[in-house]
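Visitor: Pasting a structure here, questions to come.
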Number of protein chains: 2
Amino acid sequence: MKICVLGGDGYCGWATALYLSRQGHTVSIVDSFVRRQWDFELGVQTLTPIRTLPERLRVWKQLTGLDIQCSSGDITDYAFLAEVIARERPDAVVHFAEQRAAPYSMIDRQHAVFTQVNNVVGTLNLLFAIREHAPDCHLVKLGTMGEYGTPNIDIEEGYITIEHNGRTDTLPYPKQPGSFYHLSKVHDSHNIMFTCRIWGLRATDLNQGVVYGTTTDDVALDEALVNRFDYDEVFGTVLNRFCVEAAVGEPLTVYGSGGQTRGYIDIRDTVRCIELACLSPAAPGEFRVFNQFTEQFSVLELAGLVQTAGAHLGYDVRIEHLPDPRVEKEEHYYNAKHSKLLDLGLEPHFLSESLLDSLMNIAVRYRDRVDKSLFMPRVNWRRTRNDRRQGAGVAEPPLDISLKS
Amino acid sequence: MKICVLGGDGYCGWATALYLSRQGHTVSIVDSFVRRQWDFELGVQTLTPIRTLPERLRVWKQLTGLDIQCSSGDITDYAFLAEVIARERPDAVVHFAEQRAAPYSMIDRQHAVFTQVNNVVGTLNLLFAIREHAPDCHLVKLGTMGEYGTPNIDIEEGYITIEHNGRTDTLPYPKQPGSFYHLSKVHDSHNIMFTCRIWGLRATDLNQGVVYGTTTDDVALDEALVNRFDYDEVFGTVLNRFCVEAAVGEPLTVYGSGGQTRGYIDIRDTVRCIELACLSPAAPGEFRVFNQFTEQFSVLELAGLVQTAGAHLGYDVRIEHLPDPRVEKEEHYYNAKHSKLLDLGLEPHFLSESLLDSLMNIAVRYRDRVDKSLFMPRVNWRRTRNDRRQGAGVAEPPLDISLKS
């Protein structure tokens, strides 16, 4: 298939692009490299020393003989995006090209507005570009399990059949997202569903759990292909962060009691799920939703697993409970369905197998690059302004001072 | 109470500002006047000759002795909005300051993106401004019944209790909005609900039905206070349009079979509902939802009522069925709850009383100003580009031509 990966220079996008390429698909990447810019903004960097995209693609071609084309630009620029879709006419577009960190969206008003405008406008542009230039193209959109929040009933895959006052309908599953970022994904889902209805677009929304790990067979081919591994409090997903904390002898930073339960997925399963979705496209007019995760854990369970794995490697891993910087339930019911991707043939990797290989060993290998100051949460959901500016940058004057005369 | 009316120069906003002022509240208006600009863009104008806001306010002061302050600016400009909220510290903010026409949002990509960015960013800014400068202020936000779509079960007021696999939870009512505009309101609702949760804001979301009429006791005081009366296919709500069509001897433009059933409300009830919401504010942290309409009608029922009222005035009113330019169910179940505002004391005006006085007579009185070319729908939901540019304006070249080389 001809597949266009938007955000193909990012964490999930890069691994996906390589995997699809190796499976024989014709892959092209679209990226604006703004993800790398956010690292500079926040003064953080990936644990693994990633190369530039041109270098990555050159090495990939040398090793495998496979070409991956790249278009450099921002999908909020419609003229650029429309030109790409019109030129490529892909069978599927895999859309990772969004700001994807909840804490980043909660830094302050600018970051909240940026996240929602960036994500919503990019996705709207994509919907129009597909309709105008490749109407049969299958949109594979990355959503998040965080769109659902933590309801007190089972979480279904996108829709729920409700019986109410003697009548029945199957409706979009109610959403209770937990950050301005998660909200942006809910907005996207509603927009996509609508265009499937009015224009007959075909789309699959993959509500992904928290992704962990960095190694896939493809990125493991060469050091130059190494994937991002974020461990900082803004972009680092919890399991990656725990492993790095363990590797450098710092306590695991558990927010609150640690009873927060979520779905998790190995990045090797992420890339396979994407291909499965592409190979079995949604029907014209269909807005299909898969919950893309393989196991559920509470944060404290994860901390315990990392503690055990660390002990295996001779590390004494402590667990520290911090006041939760997020506003979320620390203890709650959680039972989310995730059978549709299994039905399509997914054979999951389980955390118990990969914790040492794909996580702890990577963390240990690159431990010299760790900046311990990046572990502690500095973005508090309860505040409208969290200072994440680094060094001597000139901060905007606080609004209150300049306005009250 | 001290009440700030955002969008106070618009159709609902103007009537609301006057009503609240006459009830003894201290009212201020914030408006960017972009609504008047959209008339120029589309080549349309209100049936009634409205005056400039300064003139309106001068006459209001002369007639009643009551002051209404006005701040001229756009709420997507945070510095401006924050200054207003910090200066006024209102008890309540009534938020009408959004692009409110479904067809406008469906003209093309630019209008879709504009509508969602304008509405979502304006509301996000307002949430931050309230949190930072008036955290106890009650946000009264205008939503729309169109957020719900037309589910096959009863529509509740904002939330629904779902029993599922032996467990129960009360969750946000699932939304199936029918245009990029309606989607923007759904995005707003999710954003507001979230900030009530994380910051303890207090908000009431008024999911309003289709508003009809123009006359309230206050705007009737003087010709200079006359309210907007939109009848064009983009901004004109259906009942206003029907009355104008009847008054000039044109057939009523019913989309499709006319079985589309919606909630309707007299503008005199709109203004009262707003005050009722202000007088009984939501609790801190509460996101409260009221369905703000008084009666349900199908479009064909409305056409029949206008036909009868027209006959009363000696007009021979025909009904024309047009292909529906919208993508919507033409026949469907519809039963929406709307008891919460009645519980607060609303005494509804019913259409049967006001059809002649508040609608047909206005239409007849200003019939010389009618532009019949504005009745026929020109914005089709199925197209990504609807040409609504007037006259000799230079249209963007179609993208397909300039891009394919």
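Lettering and numbering for the structure tokens are positional, with chains as A, B, ... in the shown order, residues counted from 1 in each chain, and ligands counted from 1 in the shown order.
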Which chain A residues are at most 8 Å from chain B (counting only C-alpha atoms), as a VMD selection string?
Guide: chain A and resid 83 86 to 87 109 113 117 121 124 to 125 128 131 to 132 151 to 154 162 to 165 167 to 169 171 to 180 183 186 to 187 190 to 191 194 197 to 199 327 381 to 384 399 403 to 404
Visitor: Can you list, as a VMD selection string, all residues belonging to region 83-227 of chain A that DSSP tags as strand (DSSP E)?
Guide: chain A and resid 92 to 95 138 to 144 159 to 164 167 to 172 202 to 208 210 to 212
Visitor: Can those selected residues be exported to a file as a PDB file, in the first residue's frame so that it contains C-alpha atoms?
Guide:
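result_29.pdb, written as the output of this step:
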ATOM      1  CA  ALA A  92      -3.839   5.468   3.822  1.00  0.00           C
ATOM      2  CA  VAL A  93      -2.691   8.431   5.878  1.00  0.00           C
ATOM      3  CA  VAL A  94      -1.438   7.653   9.374  1.00  0.00           C
ATOM      4  CA  HIS A  95      -1.825  10.829  11.408  1.00  0.00           C
ATOM      5  CA  HIS A 138      -8.280   5.736   4.629  1.00  0.00           C
ATOM      6  CA  LEU A 139      -7.463   8.038   7.537  1.00  0.00           C
ATOM      7  CA  VAL A 140      -5.784   6.239  10.433  1.00  0.00           C
ATOM      8  CA  LYS A 141      -5.836   8.746  13.246  1.00  0.00           C
ATOM      9  CA  LEU A 142      -4.085   8.416  16.567  1.00  0.00           C
ATOM     10  CA  GLY A 143      -6.428   9.158  19.413  1.00  0.00           C
ATOM     11  CA  THR A 144      -5.860   8.310  23.044  1.00  0.00           C
ATOM     12  CA  TYR A 159     -19.598   3.562  20.828  1.00  0.00           C
ATOM     13  CA  ILE A 160     -22.031   2.399  23.471  1.00  0.00           C
ATOM     14  CA  THR A 161     -25.541   1.055  23.111  1.00  0.00           C
ATOM     15  CA  ILE A 162     -27.813   2.858  25.536  1.00  0.00           C
ATOM     16  CA  GLU A 163     -31.289   1.795  26.554  1.00  0.00           C
ATOM     17  CA  HIS A 164     -33.152   4.777  27.934  1.00  0.00           C
ATOM     18  CA  ARG A 167     -35.821   3.165  23.557  1.00  0.00           C
ATOM     19  CA  THR A 168     -32.365   2.162  22.339  1.00  0.00           C
ATOM     20  CA  ASP A 169     -29.594   3.776  20.319  1.00  0.00           C
ATOM     21  CA  THR A 170     -25.895   3.223  19.755  1.00  0.00           C
ATOM     22  CA  LEU A 171     -24.120   6.504  20.389  1.00  0.00           C
ATOM     23  CA  PRO A 172     -20.572   7.838  20.617  1.00  0.00           C
ATOM     24  CA  ARG A 202     -13.323   6.397   5.822  1.00  0.00           C
ATOM     25  CA  ALA A 203     -11.496   6.694   9.134  1.00  0.00           C
ATOM     26  CA  THR A 204     -10.149   4.629  11.981  1.00  0.00           C
ATOM     27  CA  ASP A 205      -9.572   6.338  15.314  1.00  0.00           C
ATOM     28  CA  LEU A 206      -6.978   4.459  17.337  1.00  0.00           C
ATOM     29  CA  ASN A 207      -7.468   5.319  20.979  1.00  0.00           C
ATOM     30  CA  GLN A 208      -4.020   4.371  22.087  1.00  0.00           C
ATOM     31  CA  VAL A 210       0.351   4.807  27.116  1.00  0.00           C
ATOM     32  CA  VAL A 211       3.180   3.620  24.863  1.00  0.00           C
ATOM     33  CA  TYR A 212       6.402   2.224  26.331  1.00  0.00           C
TER      34      TYR A 212
END
Visitor: Provide the CA of Phe297 (chain B) to CA of Ser352 (chain B) distance in Å, to one decimal place.
Guide: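 If I compute the distance from CA of Phe297 (chain B) to CA of Ser352 (chain B), I get 11.8 Å.
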Visitor: Enter the distance from CA of Glu353 (chain A) to CA of Glu245 (chain A), in Å, rounded to one decimal.
Guide: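 For CA of Glu353 (chain A) relative to CA of Glu245 (chain A), the distance reads 19.9 Å.
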Visitor: Hey, what's within 9 Å of Gly345 (chain A) if we count only C-alpha atoms and toss same-chain stuff fewer than 4 positions away? As a ChimeraX atom specification, please?
Guide: /A:273,276,340-341
Visitor: Identify, on the basis of only C-alpha atoms, every residue whose closest approach to Gly209 (chain B) does not exceed 8 Å; exclude the query and any residue fewer than 4 positions from it along the same chain; express the result as number ranges by chain.
Guide: B: 144-146, 262-265, 291-293
Visitor: Tell me which protein, DNA and RNA residues are within 8 Å of region 33-36 of chain B, counting only C-alpha atoms, leaving out same-chain ones fewer than 4 positions away, and put them as a tab-separated table (two decimals) with C-alpha atoms, in the first residue's frame.
Guide:
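Result file is around17.tsv:
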chain	number	residue	atom	x	y	z
B	9	ASP	CA	-24.31	43.83	19.76
B	10	GLY	CA	-25.68	40.63	18.19
B	40	PHE	CA	-20.79	42.74	4.30
B	72	SER	CA	-14.82	47.17	21.76
B	99	GLN	CA	-19.75	32.63	15.13
Visitor: Just list as a ChimeraX atom specification whatever in region 8-215 of chain A DSSP marks as helix (DSSP H, G or I).
Guide: /A:11-22,34-42,53-64,78-88,102-105,109-133,145-147,180-199
